[in-house]
file my_file10.txt (compact mmCIF, C-alpha atoms)
# COMPACT_ATOMS: atom_id res chain seq x y z
CA MET A 1 16.24 0.69 -15.43
CA ARG A 2 14.08 -0.95 -18.06
CA ARG A 3 14.92 -4.35 -19.41
CA ALA A 4 13.30 -6.75 -21.79
CA SER A 5 11.91 -9.94 -20.31
CA SER A 6 13.76 -13.11 -21.20
CA ALA A 7 12.61 -16.68 -20.96
CA GLY A 8 15.97 -17.99 -19.77
CA ARG A 9 16.00 -20.43 -16.87
CA PRO A 10 18.34 -20.09 -13.89
CA SER A 11 21.40 -22.31 -14.08
CA ALA A 12 21.78 -25.05 -11.51
CA ALA A 13 25.33 -24.03 -10.61
CA GLY A 14 25.89 -21.09 -8.33
CA ARG A 15 22.23 -20.18 -8.20
CA ALA A 16 21.26 -17.57 -5.63
CA PRO A 17 18.45 -18.38 -3.17
CA ARG A 18 14.99 -18.16 -4.69
CA PRO A 19 13.06 -14.98 -3.80
CA ARG A 20 10.61 -15.52 -0.97
CA ASP A 21 7.45 -15.42 -3.03
CA ALA A 22 8.77 -16.83 -6.29
CA GLN A 23 6.69 -19.63 -7.74
CA PRO A 24 8.15 -23.14 -8.12
CA GLU A 25 9.87 -23.40 -11.47
CA GLN A 26 8.07 -25.43 -14.09
CA LEU A 27 9.67 -27.46 -16.83
CA GLY A 28 9.70 -25.33 -19.95
CA PHE A 29 8.01 -26.20 -23.19
CA ASP A 30 8.03 -24.12 -26.32
CA GLY A 31 5.08 -21.79 -26.39
CA MET A 32 4.30 -22.05 -22.65
CA PRO A 33 3.32 -18.72 -21.12
CA GLU A 34 5.65 -17.15 -18.60
CA ARG A 35 4.58 -17.47 -14.97
CA LEU A 36 2.47 -14.64 -13.61
CA PHE A 37 4.02 -12.16 -11.23
CA VAL A 38 2.20 -12.37 -7.89
CA CYS A 39 1.96 -8.90 -6.41
CA THR A 40 0.25 -6.37 -4.19
CA PRO A 41 0.27 -2.58 -4.56
CA SER A 42 2.90 -2.40 -1.83
CA LYS A 43 5.19 -4.81 -3.64
CA LEU A 44 5.03 -2.89 -6.91
CA GLY A 45 5.38 0.44 -5.12
CA THR A 46 8.46 -0.72 -3.24
CA TYR A 47 10.28 -1.47 -6.49
CA LEU A 48 9.23 1.81 -8.08
CA ASP A 49 10.46 3.72 -5.02
CA CYS A 50 13.80 1.90 -4.84
CA PRO A 51 14.80 -1.42 -6.46
CA ARG A 52 17.37 -2.00 -3.70
CA ARG A 53 14.70 -1.75 -1.05
CA TYR A 54 12.64 -4.25 -3.04
CA ARG A 55 15.58 -6.64 -3.05
CA TYR A 56 16.05 -6.34 0.70
CA SER A 57 12.32 -6.90 1.27
CA TYR A 58 11.53 -9.69 -1.20
CA VAL A 59 14.69 -11.26 -2.62
CA ASP A 60 17.52 -11.51 -0.10
CA ARG A 61 17.27 -14.39 2.33
CA PRO A 62 17.88 -13.94 5.12
CA ALA A 63 16.59 -10.39 4.79
CA PRO A 64 18.67 -7.62 6.35
CA PRO A 65 17.47 -6.51 9.79
CA LYS A 66 14.93 -3.72 9.81
CA GLY A 67 15.14 -0.60 11.86
CA PRO A 68 12.74 0.20 14.73
CA PRO A 69 8.99 0.54 14.10
CA TRP A 70 7.65 3.90 12.94
CA ALA A 71 5.15 5.85 15.00
CA HIS A 72 3.31 7.11 11.89
CA ASN A 73 2.73 3.50 10.81
CA SER A 74 1.38 2.65 14.26
CA LEU A 75 -0.94 5.66 14.15
CA GLY A 76 -2.20 4.83 10.66
CA ALA A 77 -2.78 1.17 11.50
CA SER A 78 -4.69 2.08 14.67
CA VAL A 79 -7.02 4.47 12.81
CA HIS A 80 -7.63 2.03 9.95
CA THR A 81 -8.53 -0.80 12.30
CA ALA A 82 -10.82 1.41 14.38
CA LEU A 83 -12.74 2.36 11.23
CA ARG A 84 -12.99 -1.26 10.17
CA ASN A 85 -14.41 -2.18 13.57
CA TRP A 86 -16.81 0.78 13.48
CA TYR A 87 -18.37 -0.67 10.34
CA ALA A 88 -18.52 -4.08 12.03
CA LEU A 89 -20.92 -2.66 14.63
CA PRO A 90 -24.67 -2.87 14.08
CA PRO A 91 -25.87 0.37 12.43
CA GLU A 92 -27.65 1.53 15.56
CA ARG A 93 -24.34 1.42 17.50
CA ARG A 94 -22.31 3.32 14.89
CA ARG A 95 -22.13 6.49 16.92
CA PRO A 96 -19.17 8.84 17.55
CA GLU A 97 -19.09 7.91 21.24
CA ALA A 98 -18.20 4.32 20.30
CA LEU A 99 -14.92 5.42 18.76
CA ALA A 100 -12.91 5.94 21.97
CA GLY A 101 -13.32 2.31 22.94
CA LEU A 102 -12.68 1.09 19.41
CA LEU A 103 -9.50 3.13 19.05
CA LYS A 104 -8.22 2.14 22.47
CA GLY A 105 -8.82 -1.50 21.66
CA THR A 106 -6.84 -1.30 18.41
CA TRP A 107 -4.14 1.13 19.49
CA VAL A 108 -0.58 0.23 18.41
CA ARG A 109 1.97 1.66 20.83
CA GLU A 110 5.21 1.13 18.92
CA GLY A 111 7.51 3.89 17.73
CA TYR A 112 6.50 6.82 19.93
CA ARG A 113 9.13 8.88 21.73
CA ASP A 114 7.41 8.68 25.12
CA ASP A 115 4.04 8.32 26.83
CA GLU A 116 3.25 11.99 26.47
CA GLN A 117 3.71 11.93 22.70
CA GLU A 118 1.68 8.73 22.45
CA ARG A 119 -1.21 10.22 24.42
CA SER A 120 -1.15 13.30 22.21
CA ALA A 121 -1.26 11.12 19.10
CA TYR A 122 -4.18 9.14 20.53
CA ARG A 123 -6.19 12.30 21.21
CA ARG A 124 -5.42 13.58 17.72
CA ALA A 125 -6.49 10.29 16.12
CA LEU A 126 -9.71 10.19 18.12
CA SER A 127 -10.54 13.73 17.01
CA TRP A 128 -9.97 12.75 13.36
CA LEU A 129 -12.21 9.73 13.69
CA GLU A 130 -15.03 11.59 15.43
CA SER A 131 -15.01 14.30 12.77
CA TYR A 132 -14.87 11.75 9.97
CA VAL A 133 -17.70 9.48 11.10
CA ALA A 134 -19.89 12.54 11.59
CA THR A 135 -19.88 12.78 7.78
CA LEU A 136 -21.00 9.16 7.32
CA ASP A 137 -24.49 7.66 7.29
CA PRO A 138 -24.41 4.91 9.95
CA ALA A 139 -27.13 2.99 8.12
CA GLU A 140 -25.20 2.88 4.85
CA GLU A 141 -23.40 -0.40 4.32
CA PRO A 142 -20.30 -0.38 2.12
CA LEU A 143 -19.97 -3.23 -0.32
CA GLY A 144 -16.66 -4.10 1.29
CA VAL A 145 -14.52 -2.99 4.23
CA GLU A 146 -10.87 -4.03 4.02
CA ARG A 147 -12.02 -6.25 1.19
CA VAL A 148 -9.49 -8.26 -0.79
CA VAL A 149 -9.90 -8.00 -4.56
CA ALA A 150 -7.84 -9.97 -7.05
CA VAL A 151 -7.40 -10.15 -10.80
CA LYS A 152 -5.10 -11.79 -13.32
CA THR A 153 -3.73 -10.23 -16.49
CA GLY A 154 -1.31 -11.65 -19.02
CA VAL A 155 1.54 -10.71 -16.65
CA LEU A 156 0.13 -10.09 -13.17
CA ALA A 157 -1.63 -12.08 -10.50
CA PHE A 158 -2.68 -9.04 -8.49
CA ASN A 159 -4.38 -8.95 -5.11
CA GLY A 160 -4.90 -6.12 -2.66
CA ARG A 161 -6.98 -5.11 0.33
CA ALA A 162 -9.07 -1.98 -0.29
CA ASP A 163 -9.91 0.11 2.77
CA ARG A 164 -13.49 0.49 1.60
CA ILE A 165 -15.55 -0.20 -1.51
CA ASP A 166 -18.73 1.84 -1.74
CA SER A 167 -21.71 1.14 -3.95
CA ARG A 168 -23.21 4.38 -5.24
CA THR A 169 -25.69 5.46 -7.86
CA GLY A 170 -24.00 7.11 -10.81
CA SER A 171 -25.31 8.72 -13.95
CA ASP A 172 -25.44 5.34 -15.66
CA GLY A 173 -26.71 3.33 -12.69
CA PRO A 174 -24.98 1.48 -9.82
CA GLU A 175 -21.22 1.89 -9.68
CA LEU A 176 -18.41 1.13 -7.28
CA VAL A 177 -16.05 3.61 -5.63
CA ILE A 178 -12.67 2.80 -4.09
CA VAL A 179 -12.04 4.67 -0.82
CA ASP A 180 -8.57 4.85 0.71
CA TYR A 181 -8.01 6.39 4.15
CA LYS A 182 -4.96 8.59 4.68
CA THR A 183 -3.55 9.80 8.00
CA GLY A 184 -0.15 11.06 6.91
CA ARG A 185 1.09 13.91 4.80
CA THR A 186 -1.10 16.85 3.90
CA GLY A 187 -1.67 18.37 0.48
CA LEU A 188 -3.54 15.49 -1.15
CA ASP A 189 -5.45 16.58 -4.22
CA ALA A 190 -7.05 15.19 -7.35
CA ASP A 191 -3.63 14.63 -8.92
CA ASP A 192 -2.71 12.30 -6.05
CA ALA A 193 -5.86 10.27 -6.64
CA ARG A 194 -5.39 10.27 -10.40
CA GLY A 195 -1.75 9.17 -10.20
CA SER A 196 -2.19 6.45 -7.59
CA GLN A 197 -1.40 3.13 -9.22
CA ALA A 198 -2.70 1.28 -6.18
CA LEU A 199 -6.15 2.88 -6.40
CA ALA A 200 -6.34 2.23 -10.13
CA LEU A 201 -5.46 -1.44 -9.66
CA TYR A 202 -8.06 -1.77 -6.90
CA ALA A 203 -10.67 -0.26 -9.24
CA TYR A 204 -9.64 -2.52 -12.13
CA ALA A 205 -9.84 -5.60 -9.91
CA ALA A 206 -13.08 -4.61 -8.14
CA GLU A 207 -14.86 -4.08 -11.46
CA ARG A 208 -14.03 -7.63 -12.47
CA VAL A 209 -14.76 -9.21 -9.09
CA PHE A 210 -18.17 -7.57 -8.65
CA ARG A 211 -19.03 -7.16 -12.36
CA ARG A 212 -20.00 -3.53 -11.89
CA PRO A 213 -18.35 -0.38 -13.22
CA CYS A 214 -15.64 0.96 -10.89
CA ARG A 215 -13.95 4.10 -12.12
CA ARG A 216 -14.15 6.49 -9.17
CA VAL A 217 -11.27 6.49 -6.65
CA GLU A 218 -11.03 8.67 -3.54
CA LEU A 219 -8.41 9.54 -0.93
CA HIS A 220 -10.05 10.45 2.38
CA HIS A 221 -7.55 12.47 4.39
CA LEU A 222 -8.73 12.27 7.99
CA PRO A 223 -6.49 14.98 9.53
CA THR A 224 -7.97 17.66 7.24
CA GLY A 225 -11.36 16.09 6.53
CA THR A 226 -10.78 16.47 2.79
CA VAL A 227 -11.57 14.10 -0.07
CA ALA A 228 -9.40 13.97 -3.18
CA GLY A 229 -11.10 12.08 -5.98
CA HIS A 230 -10.63 11.13 -9.60
CA ASP A 231 -12.88 9.51 -12.20
CA HIS A 232 -10.92 7.08 -14.34
CA THR A 233 -11.83 5.99 -17.82
CA VAL A 234 -11.43 2.53 -19.28
CA GLU A 235 -8.35 3.84 -21.07
CA SER A 236 -6.72 5.42 -18.01
CA LEU A 237 -7.20 2.23 -15.97
CA ALA A 238 -5.71 0.22 -18.82
CA ARG A 239 -2.67 2.53 -18.85
CA GLN A 240 -2.13 2.00 -15.14
CA VAL A 241 -2.39 -1.77 -15.57
CA SER A 242 0.13 -1.63 -18.43
CA ARG A 243 2.55 0.34 -16.26
CA ALA A 244 2.18 -2.25 -13.49
CA GLU A 245 2.88 -5.02 -15.98
CA GLU A 246 5.99 -3.20 -17.20
CA THR A 247 7.22 -2.93 -13.61
CA ALA A 248 6.54 -6.63 -13.07
CA ARG A 249 8.56 -7.54 -16.16
CA ASP A 250 11.47 -5.44 -14.88
CA ILE A 251 11.32 -7.18 -11.51
CA MET A 252 11.16 -10.67 -12.99
CA ALA A 253 14.07 -9.92 -15.30
CA ALA A 254 16.17 -8.66 -12.39
CA GLU A 255 15.28 -11.70 -10.27
CA ARG A 256 16.23 -14.04 -13.13
CA ALA A 257 19.53 -12.23 -13.61
CA VAL A 258 20.39 -12.64 -9.93
CA ALA A 259 19.37 -16.30 -10.00
CA ASP A 260 21.72 -16.75 -12.97
CA GLY A 261 24.62 -15.34 -10.96
CA GLY A 262 24.31 -11.64 -11.78
CA ASP A 263 25.40 -8.91 -9.38
CA PRO A 264 22.45 -8.16 -7.06
CA ASP A 265 23.66 -4.60 -6.54
CA ALA A 266 23.64 -3.95 -10.28
CA GLU A 267 20.30 -5.64 -10.90
CA PHE A 268 18.62 -3.86 -7.97
CA PRO A 269 20.24 -0.39 -7.83
CA THR A 270 19.50 2.20 -5.20
CA THR A 271 17.43 5.31 -5.83
CA PRO A 272 18.94 7.79 -3.35
CA GLY A 273 16.72 10.59 -2.16
CA PRO A 274 14.77 11.99 0.80
CA ARG A 275 13.02 8.65 1.32
CA CYS A 276 16.33 7.07 2.37
CA GLY A 277 15.97 8.63 5.80
CA TRP A 278 12.70 6.74 6.28
CA CYS A 279 13.86 3.38 4.90
CA ASP A 280 13.67 0.30 7.13
CA TYR A 281 16.93 -0.93 5.57
CA ARG A 282 18.91 2.33 5.66
CA ARG A 283 21.62 0.88 7.89
CA SER A 284 22.18 -2.06 5.50
CA CYS A 285 22.36 0.07 2.35
CA PRO A 286 25.67 1.85 1.59
CA ALA A 287 23.87 4.68 -0.22
CA GLY A 288 21.06 4.94 2.32
CA ALA A 289 23.47 4.98 5.24
CA GLN A 290 24.84 8.29 3.97
CA ALA A 291 21.43 9.95 4.41
CA PRO A 292 20.52 11.38 7.79
CA GLY A 293 18.26 8.94 9.58
CA LYS A 294 14.85 9.91 10.92
CA GLU A 295 13.76 9.26 14.47
CA PRO A 296 10.91 6.72 14.64
CA TRP A 297 8.52 9.44 15.85
CA ALA A 298 9.69 12.20 13.46
CA ALA A 299 6.57 12.16 11.25
CA ILE A 300 4.31 12.50 14.28
CA GLU A 301 6.03 15.77 15.16
CA ARG A 302 6.35 16.96 11.55
CA PRO A 303 3.48 15.43 9.56
CA SER A 304 4.35 17.50 6.48
CA ASP A 305 7.65 15.60 6.01
CA ALA A 306 7.87 13.38 2.94
CA LEU A 307 6.89 9.93 4.15
CA PRO A 308 7.58 6.56 2.51
CA GLY A 309 3.97 6.12 1.37
CA GLN A 310 2.91 3.75 4.13
CA GLU A 311 0.42 5.95 5.93
call {"tool": "encode", "arguments": {"input": "my_file10.txt", "output": "structure tokens"}}
result
Amino acid sequence: MRRASSAGRPSAAGRAPRPRDAQPEQLGFDGMPERLFVCTPSKLGTYLDCPRRYRYSYVDRPAPPKGPPWAHNSLGASVHTALRNWYALPPERRRPEALAGLLKGTWVREGYRDDEQERSAYRRALSWLESYVATLDPAEEPLGVERVVAVKTGVLAFNGRADRIDSRTGSDGPELVIVDYKTGRTGLDADDARGSQALALYAYAAERVFRRPCRRVELHHLPTGTVAGHDHTVESLARQVSRAEETARDIMAAERAVADGGDPDAEFPTTPGPRCGWCDYRRSCPAGAQAPGKEPWAAIERPSDALPGQE
């Protein structure tokens, strides 16, 4: 649902609660710019996946109760944190044998069916990590590990935490590369890297934060040891930023409509589909409740299932 942005202010009477991260309203003056939309890749992606899920996550207060934690999220978080801590070691200690202790120290236990499944997932994760770090130069220091980058446009105040930002030598000199670790679904390829709005926004922001070209984005899929990459152009990054701005305008228009007394269900419609089974708010959503629910550990047993993009 696309809608034109309006500059109307919420009425005082019957106003719905302000969204959690909405900015304090300022007195309007003719010609004043509209407030920027503060966002992360996850926030934009939630709306694109399902506006109703966005509403449950960011607008409704109190928010509906979530379902139980997901094992695939626990697995992904454990692997990501272990890699971050591996890079925090002195270069001489960045050896594969350090990974067992690092993973054990960061292991998240939530969501697994039982101890046996959890132990199996731990062994699998450790194998991924050992194979992955064997491809890395321990002496090579990334420019950033879980580094926050931020940028403002005419519509967005964007910030996000990149898994890794490498500094490499390109054909035209030093350049930055955005690296994103993946532990979930298989089948990642160059189209996944090219189409990722999150990676493009990271690259756009990193280029402005560090004042170096950043066009290369890569998805490092640890279970298969594959790298899916794409080289953006100035134009392709600009298109991704424009799409993010369009999404932000849609969100702000819907939030204003709700604040003015509009029907929240109409302003934030559902997008029924396979993802409903993975949604944290499935039990609170009339459309989502009709979809078969997934067990919290389902993606650990069947990693090829379509996941909600949080791995």
call {"tool": "residues_around", "arguments": {"input": "my_file10.txt", "residues": "Val151 of chain A", "least_positions_apart": "4", "cutoff": "10 Å", "atoms": "only C-alpha atoms", "output": "mmCIF file with C-alpha atoms, in the coordinates of the input"}}
result
data_model
loop_
_atom_site.group_PDB
_atom_site.id
_atom_site.type_symbol
_atom_site.label_atom_id
_atom_site.label_comp_id
_atom_site.auth_asym_id
_atom_site.auth_seq_id
_atom_site.Cartn_x
_atom_site.Cartn_y
_atom_site.Cartn_z
ATOM 1 C CA LEU A 156 0.130 -10.090 -13.170
ATOM 2 C CA ALA A 157 -1.630 -12.080 -10.500
ATOM 3 C CA PHE A 158 -2.680 -9.040 -8.490
ATOM 4 C CA ASN A 159 -4.380 -8.950 -5.110
ATOM 5 C CA GLY A 160 -4.900 -6.120 -2.660
ATOM 6 C CA LEU A 201 -5.460 -1.440 -9.660
ATOM 7 C CA TYR A 202 -8.060 -1.770 -6.900
ATOM 8 C CA TYR A 204 -9.640 -2.520 -12.130
ATOM 9 C CA ALA A 205 -9.840 -5.600 -9.910
ATOM 10 C CA ALA A 206 -13.080 -4.610 -8.140
ATOM 11 C CA GLU A 207 -14.860 -4.080 -11.460
ATOM 12 C CA ARG A 208 -14.030 -7.630 -12.470
ATOM 13 C CA VAL A 209 -14.760 -9.210 -9.090
#
call {"tool": "closest_residue", "arguments": {"input": "my_file10.txt", "among": "A:Pro62, A:Gly111, A:Gly225, A:Pro41", "to": "Ala298 of chain A", "atoms": "only C-alpha atoms"}}
result
A:Gly111
call {"tool": "atom_distance", "arguments": {"input": "my_file10.txt", "atom1": "atom CA of Gly195 of chain A", "atom2": "atom CA of Gln240 of chain A"}}
result
8.7 Å
call {"tool": "atom_distance", "arguments": {"input": "my_file10.txt", "atom1": "atom CA of Asp60 of chain A", "atom2": "atom CA of Arg109 of chain A"}}
result
29.2 Å
call {"tool": "residues_around", "arguments": {"input": "my_file10.txt", "residues": "Ala254 of chain A", "least_positions_apart": "3", "cutoff": "9 Å", "atoms": "all atoms listed in the file", "output": "VMD selection string"}}
result
chain A and resid 3 249 to 251 257 to 259 262 264 267 to 268
call {"tool": "atom_distance", "arguments": {"input": "my_file10.txt", "atom1": "atom CA of Tyr87 of chain A", "atom2": "atom CA of Tyr132 of chain A"}}
result
12.9 Å
call {"tool": "residues_around", "arguments": {"input": "my_file10.txt", "residues": "segment 153-155 of chain A", "least_positions_apart": "4", "cutoff": "10 Å", "atoms": "all atoms listed in the file", "output": "list in words"}}
result
Pro33, Glu34, Arg35, Leu36, Phe37, Val38, Val241, Ser242, Ala244, Glu245, Glu246, Ala248 and Arg249 of chain A
call {"tool": "residues_near_point", "arguments": {"input": "my_file10.txt", "point": "(-8.9, 0.8, 10.3)", "cutoff": "12 Å", "atoms": "only C-alpha atoms", "output": "PyMOL selection string"}}
result
chain A and resi 73-88+99+102-103+105-108+125+129+145-147+161-164+180-183+222+311
call {"tool": "write_last_selection", "arguments": {"input": "my_file10.txt", "atoms": "C-alpha atoms", "output": "CSV table (one decimal), in the coordinates of the input"}}
result
chain,number,residue,atom,x,y,z
A,73,ASN,CA,2.7,3.5,10.8
A,74,SER,CA,1.4,2.6,14.3
A,75,LEU,CA,-0.9,5.7,14.2
A,76,GLY,CA,-2.2,4.8,10.7
A,77,ALA,CA,-2.8,1.2,11.5
A,78,SER,CA,-4.7,2.1,14.7
A,79,VAL,CA,-7.0,4.5,12.8
A,80,HIS,CA,-7.6,2.0,10.0
A,81,THR,CA,-8.5,-0.8,12.3
A,82,ALA,CA,-10.8,1.4,14.4
A,83,LEU,CA,-12.7,2.4,11.2
A,84,ARG,CA,-13.0,-1.3,10.2
A,85,ASN,CA,-14.4,-2.2,13.6
A,86,TRP,CA,-16.8,0.8,13.5
A,87,TYR,CA,-18.4,-0.7,10.3
A,88,ALA,CA,-18.5,-4.1,12.0
A,99,LEU,CA,-14.9,5.4,18.8
A,102,LEU,CA,-12.7,1.1,19.4
A,103,LEU,CA,-9.5,3.1,19.0
A,105,GLY,CA,-8.8,-1.5,21.7
A,106,THR,CA,-6.8,-1.3,18.4
A,107,TRP,CA,-4.1,1.1,19.5
A,108,VAL,CA,-0.6,0.2,18.4
A,125,ALA,CA,-6.5,10.3,16.1
A,129,LEU,CA,-12.2,9.7,13.7
A,145,VAL,CA,-14.5,-3.0,4.2
A,146,GLU,CA,-10.9,-4.0,4.0
A,147,ARG,CA,-12.0,-6.2,1.2
A,161,ARG,CA,-7.0,-5.1,0.3
A,162,ALA,CA,-9.1,-2.0,-0.3
A,163,ASP,CA,-9.9,0.1,2.8
A,164,ARG,CA,-13.5,0.5,1.6
A,180,ASP,CA,-8.6,4.8,0.7
A,181,TYR,CA,-8.0,6.4,4.2
A,182,LYS,CA,-5.0,8.6,4.7
A,183,THR,CA,-3.6,9.8,8.0
A,222,LEU,CA,-8.7,12.3,8.0
A,311,GLU,CA,0.4,6.0,5.9
call {"tool": "closest_residue", "arguments": {"input": "my_file10.txt", "among": "A:Ala291, A:Ala266, A:Cys285, A:Ala150", "to": "Thr40 of chain A", "atoms": "all atoms listed in the file"}}
result
A:Ala150
call {"tool": "closest_residue", "arguments": {"input": "my_file10.txt", "among": "A:Ser120, A:Ser42, A:Ala299, A:Tyr54", "to": "Met252 of chain A", "atoms": "only C-alpha atoms"}}
result
A:Tyr54
call {"tool": "axis_aligned_box", "arguments": {"input": "my_file10.txt", "around": "segment 173-181 of chain A", "padding_each_side": "5 Å", "output": "AutoDock Vina command-line options"}}
result
--center_x -17.4 --center_y 3.8 --center_z -4.3 --size_x 28.7 --size_y 15.3 --size_z 26.8
call {"tool": "closest_residue", "arguments": {"input": "my_file10.txt", "among": "A:Pro65, A:Gly170, A:Gly187, A:Pro51", "to": "Val227 of chain A", "atoms": "all atoms listed in the file"}}
result
A:Gly187
call {"tool": "decode", "arguments": {"input": "my_file10.txt", "residues": "segment 272-280 of chain A", "atoms": "all heavy atoms", "output": "mmCIF file, in the first residue's frame"}}
result
data_model
loop_
_atom_site.group_PDB
_atom_site.id
_atom_site.type_symbol
_atom_site.label_atom_id
_atom_site.label_comp_id
_atom_site.auth_asym_id
_atom_site.auth_seq_id
_atom_site.Cartn_x
_atom_site.Cartn_y
_atom_site.Cartn_z
ATOM 1 N N PRO A 272 -0.356 -12.021 4.438
ATOM 2 C CA PRO A 272 -0.335 -13.458 4.743
ATOM 3 C C PRO A 272 0.597 -14.218 3.815
ATOM 4 O O PRO A 272 0.734 -13.892 2.631
ATOM 5 C CB PRO A 272 -1.795 -13.878 4.527
ATOM 6 C CG PRO A 272 -2.591 -12.610 4.585
ATOM 7 C CD PRO A 272 -1.689 -11.555 4.026
ATOM 8 N N GLY A 273 1.248 -15.220 4.355
ATOM 9 C CA GLY A 273 2.152 -16.036 3.561
ATOM 10 C C GLY A 273 2.892 -17.016 4.444
ATOM 11 O O GLY A 273 2.601 -17.149 5.645
ATOM 12 N N PRO A 274 3.879 -17.712 3.876
ATOM 13 C CA PRO A 274 4.627 -18.714 4.648
ATOM 14 C C PRO A 274 5.296 -18.148 5.893
ATOM 15 O O PRO A 274 5.498 -18.872 6.877
ATOM 16 C CB PRO A 274 5.665 -19.221 3.641
ATOM 17 C CG PRO A 274 5.074 -18.932 2.298
ATOM 18 C CD PRO A 274 4.296 -17.669 2.464
ATOM 19 N N ARG A 275 5.665 -16.854 5.872
ATOM 20 C CA ARG A 275 6.338 -16.272 7.027
ATOM 21 C C ARG A 275 5.444 -16.209 8.261
ATOM 22 O O ARG A 275 5.944 -16.067 9.381
ATOM 23 C CB ARG A 275 6.836 -14.863 6.703
ATOM 24 C CG ARG A 275 7.983 -14.818 5.707
ATOM 25 C CD ARG A 275 8.343 -13.389 5.347
ATOM 26 N NE ARG A 275 9.417 -13.318 4.374
ATOM 27 C CZ ARG A 275 10.702 -13.188 4.684
ATOM 28 N NH1 ARG A 275 11.059 -13.119 5.956
ATOM 29 N NH2 ARG A 275 11.617 -13.133 3.753
ATOM 30 N N CYS A 276 4.123 -16.287 8.067
ATOM 31 C CA CYS A 276 3.209 -16.197 9.213
ATOM 32 C C CYS A 276 3.513 -17.274 10.255
ATOM 33 O O CYS A 276 3.366 -17.050 11.462
ATOM 34 C CB CYS A 276 1.759 -16.312 8.745
ATOM 35 S SG CYS A 276 1.158 -14.870 7.824
ATOM 36 N N GLY A 277 3.908 -18.446 9.789
ATOM 37 C CA GLY A 277 4.205 -19.519 10.727
ATOM 38 C C GLY A 277 5.386 -19.229 11.623
ATOM 39 O O GLY A 277 5.527 -19.835 12.690
ATOM 40 N N TRP A 278 6.258 -18.291 11.188
ATOM 41 C CA TRP A 278 7.449 -17.940 11.960
ATOM 42 C C TRP A 278 7.279 -16.652 12.762
ATOM 43 O O TRP A 278 8.199 -16.236 13.462
ATOM 44 C CB TRP A 278 8.640 -17.768 11.019
ATOM 45 C CG TRP A 278 8.986 -18.969 10.209
ATOM 46 C CD1 TRP A 278 8.683 -19.209 8.908
ATOM 47 C CD2 TRP A 278 9.720 -20.116 10.654
ATOM 48 N NE1 TRP A 278 9.179 -20.416 8.511
ATOM 49 C CE2 TRP A 278 9.823 -21.006 9.561
ATOM 50 C CE3 TRP A 278 10.308 -20.478 11.873
ATOM 51 C CZ2 TRP A 278 10.482 -22.224 9.641
ATOM 52 C CZ3 TRP A 278 10.964 -21.698 11.960
ATOM 53 C CH2 TRP A 278 11.045 -22.556 10.851
ATOM 54 N N CYS A 279 6.126 -16.011 12.657
ATOM 55 C CA CYS A 279 5.956 -14.677 13.240
ATOM 56 C C CYS A 279 5.819 -14.741 14.762
ATOM 57 O O CYS A 279 5.076 -15.569 15.302
ATOM 58 C CB CYS A 279 4.734 -13.992 12.637
ATOM 59 S SG CYS A 279 4.489 -12.295 13.220
ATOM 60 N N ASP A 280 6.515 -13.830 15.446
ATOM 61 C CA ASP A 280 6.429 -13.744 16.902
ATOM 62 C C ASP A 280 5.011 -13.402 17.366
ATOM 63 O O ASP A 280 4.640 -13.712 18.503
ATOM 64 C CB ASP A 280 7.383 -12.674 17.423
ATOM 65 C CG ASP A 280 8.838 -13.094 17.334
ATOM 66 O OD1 ASP A 280 9.109 -14.305 17.433
ATOM 67 O OD2 ASP A 280 9.699 -12.208 17.160
#
